[in-house]
>>> print(open('query19.cif').read())   # mmCIF, C-alpha atoms and all ligand atoms
data_work
#
loop_
_atom_site.label_atom_id
_atom_site.label_comp_id
_atom_site.auth_asym_id
_atom_site.auth_seq_id
_atom_site.Cartn_x
_atom_site.Cartn_y
_atom_site.Cartn_z
CA MET A 9 82.58 92.90 -55.60
CA SER A 10 81.12 90.46 -58.04
CA LEU A 11 80.62 86.75 -58.52
CA SER A 12 83.16 85.53 -61.04
CA ARG A 13 81.97 81.92 -60.90
CA VAL A 14 78.82 80.28 -59.55
CA THR A 15 78.19 76.54 -59.24
CA VAL A 16 74.69 75.37 -58.39
CA THR A 17 73.74 71.77 -57.61
CA ALA A 18 70.27 70.38 -56.86
CA VAL A 19 68.49 73.70 -56.30
CA ARG A 20 64.80 73.41 -57.34
CA ASN A 21 64.58 72.29 -60.98
CA LEU A 22 68.06 73.52 -61.99
CA GLN A 23 70.43 71.07 -63.62
CA ALA A 24 73.91 71.19 -62.11
CA VAL A 25 75.64 74.18 -63.65
CA THR A 26 78.74 76.36 -63.41
CA LEU A 27 78.38 79.90 -64.73
CA SER A 28 80.90 82.64 -65.37
CA PRO A 29 78.74 85.73 -65.03
CA SER A 30 79.59 89.16 -66.33
CA PRO A 31 80.90 91.46 -63.59
CA ARG A 32 78.09 93.83 -64.55
CA ILE A 33 74.76 93.00 -66.17
CA ASN A 34 73.48 89.42 -66.39
CA ILE A 35 70.13 88.77 -67.99
CA LEU A 36 68.45 85.41 -67.43
CA TYR A 37 65.56 84.84 -69.75
CA GLY A 38 63.24 81.95 -70.43
CA ALA A 39 59.70 80.65 -70.21
CA ASN A 40 57.59 80.49 -67.07
CA GLY A 41 58.74 77.71 -64.76
CA SER A 42 62.11 77.34 -66.50
CA GLY A 43 64.21 78.08 -63.38
CA LYS A 44 65.14 81.80 -63.55
CA THR A 45 63.98 82.69 -60.05
CA SER A 46 65.60 79.49 -58.80
CA LEU A 47 69.01 80.77 -59.87
CA LEU A 48 68.45 84.04 -58.00
CA GLU A 49 67.30 81.96 -55.04
CA ALA A 50 70.55 79.97 -55.18
CA ILE A 51 72.65 83.15 -55.08
CA TYR A 52 70.47 84.54 -52.28
CA LEU A 53 71.02 81.32 -50.32
CA LEU A 54 74.73 81.92 -50.62
CA GLY A 55 74.50 85.47 -49.25
CA LEU A 56 71.83 85.07 -46.58
CA ALA A 57 71.64 81.36 -45.78
CA ARG A 58 67.89 81.43 -46.42
CA SER A 59 65.39 81.63 -49.24
CA PHE A 60 63.21 84.56 -50.25
CA ARG A 61 60.47 82.19 -51.40
CA SER A 62 59.89 79.79 -48.57
CA GLN A 63 60.35 79.95 -44.81
CA ARG A 64 62.02 76.57 -44.84
CA LEU A 65 64.90 75.43 -47.00
CA GLN A 66 63.61 71.90 -47.50
CA PRO A 67 61.51 72.84 -50.60
CA VAL A 68 64.59 74.35 -52.23
CA ILE A 69 66.32 70.95 -52.42
CA GLN A 70 65.64 69.25 -55.73
CA TYR A 71 63.16 66.37 -55.55
CA GLU A 72 64.91 63.03 -55.01
CA GLN A 73 68.20 64.74 -54.03
CA ALA A 74 69.79 64.55 -50.60
CA ALA A 75 71.18 68.10 -50.47
CA CYS A 76 71.53 71.32 -52.44
CA THR A 77 74.79 73.23 -52.69
CA VAL A 78 75.89 76.57 -54.06
CA PHE A 79 79.52 77.62 -54.47
CA ALA A 80 80.86 80.88 -55.76
CA GLN A 81 84.06 82.73 -56.25
CA VAL A 82 83.72 86.35 -55.16
CA ALA A 83 86.04 88.84 -56.83
CA HIS A 84 86.77 91.94 -54.78
CA ALA A 85 87.51 95.32 -56.31
CA ASP A 86 91.13 95.13 -55.08
CA GLY A 87 91.64 91.92 -57.08
CA GLY A 88 91.32 89.58 -54.08
CA LEU A 89 89.26 86.41 -54.39
CA CYS A 90 87.10 84.65 -51.83
CA ASN A 91 85.46 81.23 -52.10
CA LEU A 92 82.05 80.75 -50.58
CA GLY A 93 79.97 77.61 -50.26
CA VAL A 94 76.67 76.70 -48.64
CA SER A 95 75.02 73.33 -48.44
CA ARG A 96 71.71 72.20 -46.96
CA ASP A 97 70.66 68.56 -46.63
CA ARG A 98 67.30 66.92 -46.00
CA GLN A 99 68.15 66.30 -42.33
CA GLY A 100 68.35 70.07 -41.84
CA ASP A 101 72.14 70.34 -41.64
CA PHE A 102 73.37 73.61 -43.02
CA SER A 103 77.03 74.28 -43.64
CA ILE A 104 78.69 77.54 -44.57
CA ARG A 105 82.27 77.57 -45.83
CA ILE A 106 84.28 80.71 -46.38
CA ASP A 107 87.70 80.16 -47.95
CA GLY A 108 87.72 76.55 -46.80
CA GLN A 109 86.80 77.34 -43.19
CA ASN A 110 83.47 76.64 -41.50
CA ALA A 111 81.69 79.91 -40.78
CA ARG A 112 79.94 80.47 -37.47
CA SER A 113 77.08 82.69 -38.56
CA ALA A 114 75.16 84.00 -41.52
CA ALA A 115 76.37 87.53 -40.61
CA GLN A 116 79.80 86.48 -41.92
CA LEU A 117 78.23 85.58 -45.26
CA ALA A 118 76.36 88.88 -45.37
CA GLU A 119 79.64 90.70 -44.92
CA VAL A 120 81.37 88.86 -47.76
CA LEU A 121 78.39 88.84 -50.12
CA PRO A 122 76.05 91.82 -49.65
CA LEU A 123 72.93 91.29 -51.73
CA GLN A 124 69.97 93.45 -52.65
CA LEU A 125 66.82 91.72 -53.83
CA ILE A 126 64.13 93.41 -55.90
CA ASN A 127 61.26 91.09 -56.77
CA PRO A 128 57.48 91.17 -57.22
CA ASP A 129 57.10 90.96 -53.41
CA SER A 130 59.15 94.10 -52.90
CA PHE A 131 56.07 96.26 -52.30
CA ARG A 132 55.99 94.66 -48.83
CA LEU A 133 58.78 97.03 -47.88
CA LEU A 134 56.14 99.77 -48.03
CA GLU A 135 53.02 98.03 -46.82
CA GLY A 136 54.34 95.13 -44.75
CA ALA A 137 55.19 95.00 -41.06
CA PRO A 138 57.76 97.44 -39.58
CA LYS A 139 60.17 94.52 -39.18
CA ILE A 140 60.71 94.47 -42.96
CA ARG A 141 61.65 98.17 -42.96
CA ARG A 142 63.93 97.68 -39.95
CA GLN A 143 65.70 94.88 -41.81
CA PHE A 144 66.13 97.20 -44.78
CA LEU A 145 67.47 99.99 -42.56
CA ASP A 146 69.79 97.71 -40.61
CA TRP A 147 71.16 96.11 -43.76
CA GLY A 148 72.37 99.56 -44.77
CA VAL A 149 73.72 100.50 -41.36
CA PHE A 150 75.48 97.14 -40.98
CA HIS A 151 77.30 97.64 -44.27
CA VAL A 152 78.51 101.19 -43.61
CA GLU A 153 79.02 101.22 -39.82
CA PRO A 154 81.36 98.53 -38.46
CA ARG A 155 80.32 99.24 -34.83
CA PHE A 156 76.65 98.54 -35.50
CA LEU A 157 76.75 94.75 -35.13
CA GLY A 158 78.32 94.87 -31.65
CA ALA A 159 75.77 97.44 -30.42
CA TRP A 160 72.93 95.38 -31.89
CA GLN A 161 74.15 92.22 -30.15
CA ARG A 162 74.37 94.10 -26.83
CA LEU A 163 70.84 95.40 -27.32
CA GLN A 164 69.47 91.90 -27.98
CA LYS A 165 71.11 90.54 -24.85
CA ALA A 166 69.83 93.37 -22.64
CA LEU A 167 66.34 93.07 -24.13
CA ARG A 168 66.20 89.32 -23.54
CA GLN A 169 67.27 89.96 -19.97
CA ARG A 170 64.65 92.63 -19.40
CA ASN A 171 61.83 90.64 -21.02
CA SER A 172 62.65 87.61 -18.90
CA TRP A 173 62.69 89.85 -15.80
CA LEU A 174 59.31 91.32 -16.81
CA ARG A 175 57.82 87.85 -17.04
CA HIS A 176 59.49 86.12 -14.11
CA GLY A 177 60.92 88.91 -11.93
CA THR A 178 63.96 86.77 -11.09
CA LEU A 179 66.60 89.54 -10.75
CA ASP A 180 67.06 91.88 -7.81
CA GLY A 181 66.45 95.61 -8.37
CA PRO A 182 70.08 96.82 -8.66
CA SER A 183 71.04 94.05 -11.09
CA GLN A 184 68.07 94.82 -13.29
CA ALA A 185 68.87 98.55 -13.11
CA ALA A 186 72.35 97.74 -14.46
CA TRP A 187 70.80 95.81 -17.37
CA ASP A 188 68.43 98.71 -18.05
CA ARG A 189 71.40 101.08 -18.25
CA GLU A 190 73.06 98.73 -20.73
CA LEU A 191 69.79 98.65 -22.70
CA SER A 192 69.61 102.45 -22.83
CA LEU A 193 73.26 102.81 -23.86
CA ALA A 194 72.99 100.25 -26.67
CA SER A 195 69.68 101.81 -27.78
CA ASP A 196 71.15 105.30 -28.00
CA GLU A 197 74.12 103.97 -29.92
CA ILE A 198 71.93 102.12 -32.43
CA ASP A 199 69.63 105.10 -32.77
CA GLY A 200 72.66 107.30 -33.53
CA TYR A 201 73.91 104.97 -36.27
CA ARG A 202 70.44 104.61 -37.79
CA ARG A 203 69.82 108.35 -37.68
CA ALA A 204 73.15 109.11 -39.36
CA TYR A 205 72.40 106.51 -41.99
CA ILE A 206 68.95 107.90 -42.79
CA GLN A 207 70.38 111.40 -43.00
CA ALA A 208 72.86 110.18 -45.62
CA LEU A 209 70.30 108.00 -47.40
CA LYS A 210 67.56 110.61 -47.79
CA PRO A 211 69.17 112.92 -50.37
CA VAL A 212 70.47 109.98 -52.40
CA PHE A 213 67.05 108.32 -52.31
CA GLU A 214 65.33 111.55 -53.37
CA LYS A 215 67.74 112.03 -56.27
CA VAL A 216 67.38 108.44 -57.49
CA LEU A 217 63.60 108.63 -57.14
CA ARG A 218 63.44 111.83 -59.22
CA GLU A 219 65.32 110.07 -62.00
CA LEU A 220 62.97 107.13 -61.85
CA VAL A 221 59.48 108.51 -61.43
CA GLU A 222 57.65 111.76 -60.85
CA LEU A 223 56.13 111.56 -57.40
CA ASP A 224 55.87 114.94 -55.79
CA GLY A 225 55.74 115.18 -52.06
CA LEU A 226 57.05 111.74 -51.20
CA THR A 227 58.91 111.87 -47.90
CA LEU A 228 60.99 109.39 -45.97
CA SER A 229 61.27 109.73 -42.23
CA TYR A 230 62.58 107.69 -39.35
CA TYR A 231 60.87 106.75 -36.08
CA ARG A 232 63.37 105.58 -33.53
CA GLY A 233 61.01 103.36 -31.54
CA TRP A 234 60.32 105.68 -28.62
CA ASP A 235 59.28 109.29 -28.00
CA LYS A 236 61.74 111.59 -29.75
CA ASP A 237 61.75 114.07 -26.85
CA ARG A 238 62.29 111.67 -23.96
CA GLU A 239 65.13 109.51 -22.73
CA LEU A 240 64.49 105.80 -23.21
CA SER A 241 65.07 105.20 -19.48
CA ALA A 242 62.20 107.59 -18.64
CA VAL A 243 59.93 105.95 -21.22
CA LEU A 244 60.73 102.49 -19.84
CA ALA A 245 60.05 103.62 -16.27
CA GLY A 246 56.72 105.13 -17.35
CA SER A 247 55.55 101.98 -19.14
CA LEU A 248 56.80 99.43 -16.63
CA LEU A 249 53.35 98.28 -15.50
CA ARG A 250 52.14 97.79 -19.04
CA ASP A 251 55.37 96.04 -20.03
CA GLN A 252 54.89 93.66 -17.09
CA GLN A 253 51.32 92.93 -18.15
CA LEU A 254 52.43 92.22 -21.72
CA GLY A 255 55.60 90.41 -20.73
CA HIS A 256 57.83 92.35 -23.10
CA THR A 257 59.40 95.76 -23.61
CA GLN A 258 57.30 97.98 -25.83
CA ALA A 259 59.61 100.94 -26.46
CA GLY A 260 63.09 100.92 -27.95
CA PRO A 261 65.03 100.41 -31.18
CA GLN A 262 63.30 97.02 -31.63
CA ARG A 263 60.23 99.12 -32.50
CA ALA A 264 61.90 101.53 -34.92
CA ASP A 265 60.29 102.13 -38.30
CA LEU A 266 60.66 104.07 -41.51
CA ARG A 267 57.73 106.10 -42.75
CA LEU A 268 57.06 106.84 -46.37
CA ARG A 269 54.39 109.44 -46.86
CA ALA A 270 52.92 110.83 -50.05
CA GLY A 271 51.59 114.22 -48.97
CA ALA A 272 49.19 113.55 -46.13
CA HIS A 273 48.90 109.84 -46.85
CA ASN A 274 50.76 106.68 -46.12
CA ALA A 275 52.52 105.96 -49.47
CA ALA A 276 51.42 102.31 -49.44
CA ASP A 277 47.76 103.38 -49.29
CA ILE A 278 47.72 105.50 -52.41
CA LEU A 279 50.55 104.54 -54.78
CA SER A 280 49.90 102.15 -57.65
CA ARG A 281 51.72 98.82 -57.66
CA GLY A 282 54.12 100.07 -60.35
CA GLN A 283 54.81 103.27 -58.39
CA GLN A 284 55.42 101.22 -55.25
CA LYS A 285 57.91 99.06 -57.12
CA LEU A 286 59.75 102.18 -58.33
CA VAL A 287 59.90 103.64 -54.82
CA VAL A 288 61.33 100.37 -53.48
CA CYS A 289 63.85 100.26 -56.33
CA ALA A 290 64.90 103.84 -55.51
CA LEU A 291 65.40 102.91 -51.85
CA ARG A 292 67.46 99.85 -52.69
CA ILE A 293 69.53 101.62 -55.36
CA ALA A 294 70.20 104.47 -52.91
CA GLN A 295 71.53 101.88 -50.45
CA GLY A 296 73.89 100.57 -53.12
CA HIS A 297 75.24 104.09 -53.71
CA LEU A 298 75.82 104.62 -50.00
CA MET A 299 77.66 101.36 -49.72
CA GLY A 300 79.88 102.32 -52.63
CA GLN A 301 80.55 105.74 -51.06
CA ALA A 302 81.52 104.08 -47.77
CA LYS A 303 84.18 102.20 -49.77
CA ARG A 304 83.09 98.91 -48.27
CA GLY A 305 82.71 97.26 -51.64
CA GLN A 306 79.69 97.05 -53.90
CA CYS A 307 76.61 94.98 -53.37
CA ILE A 308 75.14 92.63 -55.93
CA TYR A 309 71.59 93.17 -57.18
CA LEU A 310 69.15 90.35 -57.83
CA VAL A 311 66.19 91.71 -59.79
CA ASP A 312 63.50 89.11 -60.35
CA ASP A 313 61.09 89.81 -63.18
CA LEU A 314 62.30 93.35 -63.81
CA PRO A 315 59.74 94.21 -66.53
CA SER A 316 56.69 93.25 -64.49
CA GLU A 317 54.44 96.20 -63.61
CA LEU A 318 56.69 98.68 -65.41
CA ASP A 319 56.01 100.48 -68.68
CA GLU A 320 58.81 101.01 -71.17
CA GLN A 321 59.81 104.45 -69.93
CA HIS A 322 60.15 103.32 -66.32
CA ARG A 323 61.82 100.07 -67.32
CA ARG A 324 64.48 102.01 -69.19
CA ALA A 325 64.96 104.46 -66.33
CA LEU A 326 65.44 101.56 -63.92
CA CYS A 327 67.97 99.87 -66.22
CA ARG A 328 69.88 103.15 -66.54
CA LEU A 329 70.06 103.55 -62.76
CA LEU A 330 71.18 99.94 -62.26
CA ASP A 331 73.81 100.51 -64.94
CA GLU A 332 75.10 103.68 -63.24
CA LEU A 333 75.60 101.80 -59.98
CA ASP A 334 78.53 99.94 -61.59
CA CYS A 335 77.51 96.84 -59.65
CA GLN A 336 76.95 93.28 -60.70
CA VAL A 337 73.28 92.72 -61.47
CA PHE A 338 71.33 89.52 -62.15
CA ILE A 339 68.03 90.24 -63.87
CA THR A 340 65.33 87.79 -64.88
CA CYS A 341 62.67 88.26 -67.52
CA VAL A 342 60.60 86.15 -69.87
CA GLU A 343 61.49 88.03 -73.05
CA HIS A 344 65.03 89.31 -73.25
CA GLU A 345 64.16 91.73 -76.09
CA LEU A 346 62.64 94.00 -73.44
CA LEU A 347 66.00 94.42 -71.74
CA CYS A 348 68.64 94.08 -74.42
CA ASN A 349 68.88 97.79 -75.12
CA GLY A 350 69.27 100.70 -72.79
CA TRP A 351 72.66 99.80 -71.33
CA ARG A 352 75.73 101.98 -71.85
CA ALA A 353 77.78 100.95 -74.86
CA ASP A 354 80.75 99.86 -72.73
CA THR A 355 78.73 97.94 -70.13
CA PRO A 356 79.37 94.19 -70.37
CA VAL A 357 76.00 92.47 -70.69
CA ALA A 358 75.77 88.66 -70.54
CA LEU A 359 72.65 86.78 -71.58
CA PHE A 360 71.70 83.35 -70.27
CA HIS A 361 68.86 81.27 -71.61
CA VAL A 362 67.04 79.17 -69.04
CA GLU A 363 65.11 76.25 -70.45
CA GLN A 364 63.55 73.49 -68.32
CA GLY A 365 66.22 73.89 -65.66
CA ARG A 366 69.14 74.13 -68.07
CA ILE A 367 71.08 77.40 -68.14
CA THR A 368 73.13 78.16 -71.25
CA PRO A 369 75.07 81.32 -72.06
CA TRP A 370 73.84 83.08 -75.18
CA GLU A 371 76.69 83.23 -77.67
N1 LIG A 401 62.37 71.16 -55.02
C1 LIG A 401 62.12 71.19 -56.34
N2 LIG A 401 62.65 70.23 -57.16
C2 LIG A 401 62.42 70.27 -58.49
N3 LIG A 401 61.68 71.22 -59.10
C3 LIG A 401 61.13 72.17 -58.33
C4 LIG A 401 61.32 72.21 -56.91
N4 LIG A 401 60.68 73.29 -56.43
C5 LIG A 401 60.11 73.89 -57.48
N5 LIG A 401 60.36 73.23 -58.62
C6 LIG A 401 59.99 73.60 -60.01
O1 LIG A 401 61.01 74.44 -60.50
C7 LIG A 401 60.52 75.18 -61.60
C8 LIG A 401 61.24 76.50 -61.67
O2 LIG A 401 60.61 77.52 -61.01
P1 LIG A 401 61.09 79.03 -61.08
O3 LIG A 401 60.22 79.75 -60.14
O4 LIG A 401 62.56 79.12 -60.90
O5 LIG A 401 60.75 79.44 -62.60
P2 LIG A 401 60.86 80.84 -63.31
O6 LIG A 401 61.70 80.62 -64.51
O7 LIG A 401 61.28 81.90 -62.36
O8 LIG A 401 59.35 81.07 -63.78
P3 LIG A 401 58.43 82.40 -63.89
O9 LIG A 401 58.77 83.06 -65.19
O10 LIG A 401 57.06 81.85 -63.91
O11 LIG A 401 58.70 83.24 -62.72
C9 LIG A 401 59.01 75.19 -61.45
O12 LIG A 401 58.47 74.46 -62.52
C10 LIG A 401 58.76 74.45 -60.15
O13 LIG A 401 57.62 73.64 -60.19
MG MG A 402 60.27 83.51 -61.59
#
>>> encode(input="query19.cif", output="structure tokens")
Amino acid sequence: MSLSRVTVTAVRNLQAVTLSPSPRINILYGANGSGKTSLLEAIYLLGLARSFRSQRLQPVIQYEQAACTVFAQVAHADGGLCNLGVSRDRQGDFSIRIDGQNARSAAQLAEVLPLQLINPDSFRLLEGAPKIRRQFLDWGVFHVEPRFLGAWQRLQKALRQRNSWLRHGTLDGPSQAAWDRELSLASDEIDGYRRAYIQALKPVFEKVLRELVELDGLTLSYYRGWDKDRELSAVLAGSLLRDQQLGHTQAGPQRADLRLRAGAHNAADILSRGQQKLVVCALRIAQGHLMGQAKRGQCIYLVDDLPSELDEQHRRALCRLLDELDCQVFITCVEHELLCNGWRADTPVALFHVEQGRITPWE
């Protein structure tokens, strides 16, 4: 899928604009502070109903404006079109419209507009909290396994129930035992989907990584959130006292993690910033390939400041891999000369100049 039209109003410093992006490579270039990241932020808002720059959406709304809005027409591979719109006002009201209907949740947006973001903060996928890696993993599982969302919702409900019971002890024993069974079932189901996904992701990730950078001995592994040799029910029974003291459940899929090791070390501890960026790119590109293989449409890549931290050789390798994905890509950079070459001859590349909030296509 790709965005065939994007209309942005009152996002950061951007002047109201309607763009017709290329279905493939879109390069946004311009000086510092001109509004390049703001355009990526607008598209991200449309796909995830949040920003990647600030916790709150209030700072995204242009000064002196009452609300920001982003509309887009999404073109699916089968020729179908879908209209998406999000709007956020200063009172905190957020509305999501999909084909003229109000949407209930951001998960619906994520399904219609799957996005992958690569930006200068991407190294956090390696060195940040496990939650960031779980989000990465679950993004992939969600987009290839339709049963994942239901299992995840059941897990959340059973976990909330158990944590409340741990803190207040309000349920009788048999009722809580029934919830624990539900928790174990949902956990095993989620673990199965995640495991299958990692198994499929690993070889693709390794292949992409080899094409991007030479890093011998880099391994990706999955920790499911509890002892790999024991049933979750047994682990929960064994840690009941501690769980009661802490007031929450320590073991389970809510504690899952991905581990990236370089030889005997944690990859985040020894890789350079540029190498970390390349590893993250390989992970995210591998996810795009898997999504394409699952025939659930393509995702759209937002790559903020692609050239930063990369030398020419690695920059070119990254462009080649993005090109081979056959996805729509929005890339920002200060100097477009760095990115104008290196695409396949038949790849449509559109250039947009961003200048003090004004975006103009390069003719
Ligand atoms: N709510 C807002 N209303 C108006 N302008 C804003 C708002 N929030 C931020 N800005 C301004 O918007 C401008 C655009 O910032 P943006 O991060 O998009 O630039 P950029 O082109 O990505 O720059 P760089 O190359 O430095 O990354 C900045 O000058 C910033 O001060
Ligand atoms: Mg920027």
>>> atom_distance(input="query19.cif", atom1="CA of Gln306 in chain A", atom2="CA of Leu54 in chain A")
16.3 Å
>>> axis_aligned_box(input="query19.cif", around="ligand LIG 401 (chain A)", padding_each_side="4 Å", output="JSON")
{"center_x": 59.9, "center_y": 76.7, "center_z": -60.1, "size_x": 13.6, "size_y": 21.0, "size_z": 18.2}
>>> closest_residue(input="query19.cif", among="A:Thr340, A:Thr355, A:Ser46, A:Asn110", to="ligand LIG 401 (chain A)", atoms="only C-alpha atoms and all ligand atoms")
A:Ser46
>>> closest_atom_pairs(input="query19.cif", of="chain A", to="ligand MG 402 (chain A)", cutoff="8 Å", atoms="all atoms listed in the file", output="CSV")
residue,atom,partner,partner_atom,distance
A:Asn40,CA,A:MG402,MG,6.8
A:Gly41,CA,A:MG402,MG,6.8
A:Gly43,CA,A:MG402,MG,6.9
A:Lys44,CA,A:MG402,MG,5.5
A:Thr45,CA,A:MG402,MG,4.1
A:Ser46,CA,A:MG402,MG,7.2
A:Asp312,CA,A:MG402,MG,6.6
A:Asp313,CA,A:MG402,MG,6.5
A:Thr340,CA,A:MG402,MG,7.4
A:Cys341,CA,A:MG402,MG,8.0
>>> atom_distance(input="query19.cif", atom1="CA of Ser103 in chain A", atom2="CA of Ala50 in chain A")
14.4 Å
>>> residues_near_ligand(input="query19.cif", ligand="ligand LIG 401 (chain A)", cutoff="9 Å", atoms="only C-alpha atoms and all ligand atoms", output="compact mmCIF listing (two decimals) with C-alpha atoms, in the frame of the given file")
# COMPACT_ATOMS: atom_id res chain seq x y z
CA ALA A 18 70.27 70.38 -56.86
CA VAL A 19 68.49 73.70 -56.30
CA ARG A 20 64.80 73.41 -57.34
CA ASN A 21 64.58 72.29 -60.98
CA LEU A 22 68.06 73.52 -61.99
CA LEU A 36 68.45 85.41 -67.43
CA TYR A 37 65.56 84.84 -69.75
CA GLY A 38 63.24 81.95 -70.43
CA ALA A 39 59.70 80.65 -70.21
CA ASN A 40 57.59 80.49 -67.07
CA GLY A 41 58.74 77.71 -64.76
CA SER A 42 62.11 77.34 -66.50
CA GLY A 43 64.21 78.08 -63.38
CA LYS A 44 65.14 81.80 -63.55
CA THR A 45 63.98 82.69 -60.05
CA SER A 46 65.60 79.49 -58.80
CA LEU A 47 69.01 80.77 -59.87
CA LEU A 48 68.45 84.04 -58.00
CA GLU A 49 67.30 81.96 -55.04
CA GLN A 66 63.61 71.90 -47.50
CA PRO A 67 61.51 72.84 -50.60
CA VAL A 68 64.59 74.35 -52.23
CA ILE A 69 66.32 70.95 -52.42
CA GLN A 70 65.64 69.25 -55.73
CA TYR A 71 63.16 66.37 -55.55
CA GLU A 72 64.91 63.03 -55.01
CA GLN A 73 68.20 64.74 -54.03
CA ASP A 312 63.50 89.11 -60.35
CA ASP A 313 61.09 89.81 -63.18
CA THR A 340 65.33 87.79 -64.88
CA CYS A 341 62.67 88.26 -67.52
CA VAL A 342 60.60 86.15 -69.87
CA VAL A 362 67.04 79.17 -69.04
CA GLU A 363 65.11 76.25 -70.45
CA GLN A 364 63.55 73.49 -68.32
CA GLY A 365 66.22 73.89 -65.66
>>> closest_residue(input="query19.cif", among="A:Cys90, A:Ile198, A:Ala208, A:Asp251", to="Gly233 in chain A", atoms="all atoms listed in the file")
A:Ile198
>>> closest_residue(input="query19.cif", among="A:Ile33, A:Arg170, A:Leu27, A:Thr368", to="Asn349 in chain A", atoms="all atoms listed in the file")
A:Ile33
